[in-house]
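For reference, the structure is listed below as structure tokens.
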Amino acid sequence: MKIILAVDIKGGEVVHGYKGRRNIYKPLDWGLAKSTKPPEYLKELKVKYPYLADLDRIGGEGDNDSTVLSCENTGEYSYLNRGAKTPSEALKQPWIKNVISTETCTGKPEDYTDFDYFSVVVKDKKALPDGSRPSSVLREASKAGFEGLIVLNLSSVGAEDSMGGLDIEELRSSYEGTLLYGGGVNSTDDLLRLQEAGIDGAIIATAVHKGRVPLKYIQEGRIC
């Protein structure tokens, strides 16, 4: 199973996420890296697979495009959620896997053919924006031909709650392709649970900085 480091970017700095309450996010200056500047942060930690989220653009408050582009050559490749709304907003770079999410997209999954991954954002066990069952959204998105799908449990981001009670097996059974999961992964035991359920990749952050998941996992990009 692939291990991916979540990197939330706000105001040009890496911030620590907590339950999607972005107005209270503060620079991640207490973690394993000395710098909160994304390229330096990623190089210091030697991250193989960063997952970059431009929180300013997601929130409609400017963008971090120059900061994102400065992260080239900091890993094998990066996933990027830049809060795209329309199909033309992918940031096309050979090292970026563009992610469109249910939080911001304004069309149907099949409209976003320039994007590599489709992310189902979940809050209180319901998919944004309309409260659908996450498994139903996965099944619908599976028809669009993405490289993979993502479940981002926003309610559990930074909450250290072991996935917040989501039915991981139900999510896995809803889609046969590459499926990534993020939110509330709190330990190596949680990673093993995801792996045993057949999840293809885990997006983590807090558990690494607090020492509950070894740093080498994000450096190797796998459980090792």
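Letters for chains follow the order of the structure tokens (A, B, ...), residue numbers begin at 1 for each chain, and ligand numbers begin at 1 in the order shown.
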For Gly165 of chain A, work out the shell of residues within 12 Å, counting only C-alpha atoms and skipping chain neighbours fewer than 4 positions away, then give it as a PyMOL selection string. chain A and resi 123-125+153+155-156+160-161+169-170+183-185+190
Of the listed residues A:Tyr18, A:Phe118, A:Tyr49, A:Tyr77, that which approaches Ile4 of chain A most closely, counting only C-alpha atoms: A:Tyr49
Nearest candidate to Tyr217 of chain A (options A:Thr188, A:Gln195, A:Asn23, A:Thr36; using only C-alpha atoms):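 Among the listed residues, A:Thr188 lies closest to Tyr217 of chain A.
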Can you tell me, as JSON, numbers by chain, which residues in segment 15-210 of chain A count as strand (DSSP E) by DSSP? {"A": [15, 16, 26, 27, 50, 51, 52, 53, 54, 78, 79, 80, 81, 96, 97, 98, 99, 100, 101, 117, 118, 119, 120, 121, 122, 123, 126, 127, 148, 149, 150, 151, 152, 153, 178, 179, 180, 181, 182, 201, 202, 203, 204]}
Would you export the selected residues with N, CA and C atoms as a compact mmCIF listing (two decimals), in the first residue's frame, please?
# COMPACT_ATOMS: atom_id res chain seq x y z
N VAL A 15 0.51 24.07 6.81
CA VAL A 15 -0.28 24.24 8.03
C VAL A 15 -0.79 22.87 8.50
N HIS A 16 -1.19 22.83 9.77
CA HIS A 16 -1.72 21.59 10.33
C HIS A 16 -3.24 21.60 10.25
N LYS A 26 -2.99 26.56 11.60
CA LYS A 26 -1.79 27.34 11.87
C LYS A 26 -0.57 26.63 11.28
N PRO A 27 0.51 27.38 11.04
CA PRO A 27 1.72 26.75 10.48
C PRO A 27 2.17 25.55 11.30
N PRO A 50 4.08 13.43 -2.08
CA PRO A 50 3.33 14.47 -1.40
C PRO A 50 1.91 14.59 -1.98
N TYR A 51 0.96 14.94 -1.11
CA TYR A 51 -0.40 15.29 -1.53
C TYR A 51 -0.59 16.75 -1.15
N LEU A 52 -0.49 17.63 -2.15
CA LEU A 52 -0.55 19.06 -1.92
C LEU A 52 -1.99 19.55 -2.01
N ALA A 53 -2.42 20.32 -1.03
CA ALA A 53 -3.75 20.91 -1.05
C ALA A 53 -3.62 22.42 -0.89
N ASP A 54 -4.03 23.15 -1.91
CA ASP A 54 -3.98 24.61 -1.87
C ASP A 54 -5.25 25.11 -1.19
N SER A 78 3.71 14.38 -7.34
CA SER A 78 2.83 14.94 -6.32
C SER A 78 1.38 14.87 -6.78
N TYR A 79 0.50 14.62 -5.83
CA TYR A 79 -0.93 14.79 -6.05
C TYR A 79 -1.24 16.25 -5.71
N LEU A 80 -2.22 16.84 -6.41
CA LEU A 80 -2.56 18.24 -6.16
C LEU A 80 -4.05 18.45 -6.23
N ASN A 81 -4.60 18.95 -5.12
CA ASN A 81 -5.96 19.47 -5.09
C ASN A 81 -5.85 20.98 -4.96
N ILE A 96 2.77 16.29 -11.69
CA ILE A 96 1.55 16.51 -10.89
C ILE A 96 0.44 15.58 -11.34
N LYS A 97 -0.20 14.94 -10.36
CA LYS A 97 -1.44 14.20 -10.58
C LYS A 97 -2.58 15.07 -10.04
N ASN A 98 -3.36 15.62 -10.94
CA ASN A 98 -4.40 16.56 -10.57
C ASN A 98 -5.60 15.85 -9.96
N VAL A 99 -6.10 16.44 -8.87
CA VAL A 99 -7.24 15.89 -8.14
C VAL A 99 -8.41 16.87 -8.20
N ILE A 100 -9.55 16.39 -8.62
CA ILE A 100 -10.79 17.16 -8.55
C ILE A 100 -11.62 16.59 -7.41
N SER A 101 -12.25 17.46 -6.63
CA SER A 101 -12.97 16.96 -5.46
C SER A 101 -14.44 17.39 -5.48
N TYR A 117 -7.33 12.08 -10.63
CA TYR A 117 -8.03 11.47 -9.49
C TYR A 117 -9.29 12.27 -9.15
N PHE A 118 -10.29 11.56 -8.68
CA PHE A 118 -11.53 12.17 -8.22
C PHE A 118 -11.66 11.89 -6.73
N SER A 119 -11.81 12.96 -5.94
CA SER A 119 -11.84 12.83 -4.49
C SER A 119 -13.25 13.05 -3.96
N VAL A 120 -13.73 12.08 -3.20
CA VAL A 120 -15.02 12.18 -2.53
C VAL A 120 -14.75 12.71 -1.12
N VAL A 121 -15.13 13.95 -0.88
CA VAL A 121 -14.89 14.58 0.41
C VAL A 121 -16.07 14.28 1.34
N VAL A 122 -15.76 13.73 2.50
CA VAL A 122 -16.79 13.25 3.42
C VAL A 122 -16.76 14.07 4.70
N LYS A 123 -17.93 14.49 5.14
CA LYS A 123 -18.05 15.20 6.41
C LYS A 123 -19.22 14.59 7.17
N LYS A 126 -21.04 11.78 5.44
CA LYS A 126 -21.81 12.06 4.23
C LYS A 126 -20.93 12.81 3.23
N ALA A 127 -21.13 12.53 1.96
CA ALA A 127 -20.31 13.14 0.92
C ALA A 127 -20.76 14.58 0.65
N GLY A 148 -7.67 6.93 -10.55
CA GLY A 148 -8.06 6.41 -9.25
C GLY A 148 -9.02 7.34 -8.57
N LEU A 149 -9.58 6.87 -7.46
CA LEU A 149 -10.49 7.67 -6.65
C LEU A 149 -9.91 7.81 -5.24
N ILE A 150 -10.38 8.82 -4.54
CA ILE A 150 -9.91 9.13 -3.19
C ILE A 150 -11.12 9.34 -2.29
N VAL A 151 -11.04 8.85 -1.07
CA VAL A 151 -12.00 9.23 -0.04
C VAL A 151 -11.24 10.07 0.98
N LEU A 152 -11.64 11.34 1.11
CA LEU A 152 -11.04 12.22 2.10
C LEU A 152 -12.06 12.48 3.19
N ASN A 153 -11.82 11.89 4.35
CA ASN A 153 -12.72 12.02 5.50
C ASN A 153 -12.36 13.31 6.23
N THR A 178 -7.96 1.82 -8.34
CA THR A 178 -7.07 2.35 -7.32
C THR A 178 -7.84 3.29 -6.39
N LEU A 179 -7.82 2.98 -5.09
CA LEU A 179 -8.57 3.75 -4.11
C LEU A 179 -7.64 4.21 -2.99
N LEU A 180 -7.57 5.52 -2.79
CA LEU A 180 -6.77 6.11 -1.73
C LEU A 180 -7.71 6.60 -0.62
N TYR A 181 -7.19 6.61 0.60
CA TYR A 181 -7.99 7.07 1.74
C TYR A 181 -7.17 8.02 2.60
N GLY A 182 -7.81 9.11 3.05
CA GLY A 182 -7.17 10.03 3.98
C GLY A 182 -8.13 10.52 5.03
N GLY A 201 -3.79 3.14 -1.09
CA GLY A 201 -2.89 4.17 -0.59
C GLY A 201 -3.53 4.93 0.56
N ALA A 202 -2.69 5.34 1.52
CA ALA A 202 -3.16 6.09 2.69
C ALA A 202 -2.50 7.46 2.69
N ILE A 203 -3.32 8.49 2.91
CA ILE A 203 -2.85 9.87 2.99
C ILE A 203 -2.80 10.25 4.47
N ILE A 204 -1.61 10.57 4.97
CA ILE A 204 -1.43 10.77 6.40
C ILE A 204 -0.59 12.02 6.66
Using backbone DSSP assignments, extract all alpha helix (DSSP H) residues from segment 66-196 of chain A; output them as a list in words.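 DSSP-assigned alpha helix (DSSP H) residues in segment 66-196 of chain A: Ser66, Thr67, Val68, Leu69, Pro134, Ser135, Ser136, Val137, Leu138, Arg139, Glu140, Ala141, Ile168, Glu169, Glu170, Leu171, Arg172, Ser173, Thr188, Asp189, Asp190, Leu191, Leu192, Arg193, Leu194, Gln195 and Glu196 of chain A.
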Put those residues in a file: N, CA and C atoms, as a short mmCIF file (atom, residue, chain, number, x, y, z; two decimals), in the first residue's frame.
data_model
loop_
_atom_site.label_atom_id
_atom_site.label_comp_id
_atom_site.auth_asym_id
_atom_site.auth_seq_id
_atom_site.Cartn_x
_atom_site.Cartn_y
_atom_site.Cartn_z
N SER A 66 2.48 29.54 -7.28
CA SER A 66 3.95 29.65 -7.36
C SER A 66 4.60 28.74 -6.32
N THR A 67 3.99 28.64 -5.16
CA THR A 67 4.52 27.75 -4.11
C THR A 67 4.42 26.30 -4.54
N VAL A 68 3.28 25.93 -5.11
CA VAL A 68 3.10 24.55 -5.59
C VAL A 68 4.14 24.23 -6.66
N LEU A 69 4.33 25.12 -7.61
CA LEU A 69 5.28 24.86 -8.69
C LEU A 69 6.72 24.77 -8.17
N PRO A 134 -21.23 8.09 0.63
CA PRO A 134 -19.94 8.05 -0.07
C PRO A 134 -19.80 6.89 -1.05
N SER A 135 -20.29 5.72 -0.68
CA SER A 135 -20.18 4.56 -1.56
C SER A 135 -20.94 4.79 -2.87
N SER A 136 -22.05 5.50 -2.82
CA SER A 136 -22.82 5.79 -4.03
C SER A 136 -22.05 6.73 -4.96
N VAL A 137 -21.38 7.72 -4.37
CA VAL A 137 -20.59 8.66 -5.17
C VAL A 137 -19.41 7.94 -5.81
N LEU A 138 -18.78 7.03 -5.07
CA LEU A 138 -17.69 6.25 -5.63
C LEU A 138 -18.16 5.43 -6.83
N ARG A 139 -19.29 4.79 -6.69
CA ARG A 139 -19.81 3.97 -7.79
C ARG A 139 -20.08 4.83 -9.03
N GLU A 140 -20.63 6.02 -8.82
CA GLU A 140 -20.92 6.90 -9.95
C GLU A 140 -19.63 7.38 -10.61
N ALA A 141 -18.64 7.77 -9.78
CA ALA A 141 -17.37 8.27 -10.32
C ALA A 141 -16.57 7.18 -11.01
N ILE A 168 -14.80 1.17 6.04
CA ILE A 168 -13.76 1.09 5.02
C ILE A 168 -14.05 -0.02 4.01
N GLU A 169 -14.55 -1.13 4.51
CA GLU A 169 -14.85 -2.27 3.62
C GLU A 169 -15.95 -1.92 2.63
N GLU A 170 -16.94 -1.17 3.07
CA GLU A 170 -18.01 -0.75 2.15
C GLU A 170 -17.45 0.17 1.07
N LEU A 171 -16.58 1.09 1.46
CA LEU A 171 -15.95 1.97 0.49
C LEU A 171 -15.16 1.17 -0.54
N ARG A 172 -14.37 0.22 -0.05
CA ARG A 172 -13.55 -0.58 -0.95
C ARG A 172 -14.41 -1.39 -1.94
N SER A 173 -15.50 -1.92 -1.46
CA SER A 173 -16.35 -2.75 -2.32
C SER A 173 -17.11 -1.93 -3.35
N THR A 188 0.20 2.79 12.93
CA THR A 188 0.52 1.71 12.00
C THR A 188 -0.59 0.66 11.98
N ASP A 189 -1.27 0.49 13.10
CA ASP A 189 -2.41 -0.44 13.12
C ASP A 189 -3.50 0.02 12.16
N ASP A 190 -3.76 1.33 12.12
CA ASP A 190 -4.74 1.86 11.17
C ASP A 190 -4.29 1.61 9.73
N LEU A 191 -3.01 1.79 9.47
CA LEU A 191 -2.49 1.53 8.13
C LEU A 191 -2.68 0.06 7.74
N LEU A 192 -2.41 -0.82 8.68
CA LEU A 192 -2.58 -2.25 8.40
C LEU A 192 -4.05 -2.59 8.17
N ARG A 193 -4.93 -1.93 8.90
CA ARG A 193 -6.36 -2.16 8.68
C ARG A 193 -6.75 -1.75 7.26
N LEU A 194 -6.27 -0.59 6.82
CA LEU A 194 -6.56 -0.14 5.47
C LEU A 194 -5.99 -1.09 4.43
N GLN A 195 -4.76 -1.53 4.68
CA GLN A 195 -4.12 -2.46 3.75
C GLN A 195 -4.90 -3.77 3.67
N GLU A 196 -5.31 -4.28 4.80
CA GLU A 196 -6.06 -5.55 4.83
C GLU A 196 -7.42 -5.42 4.15
#
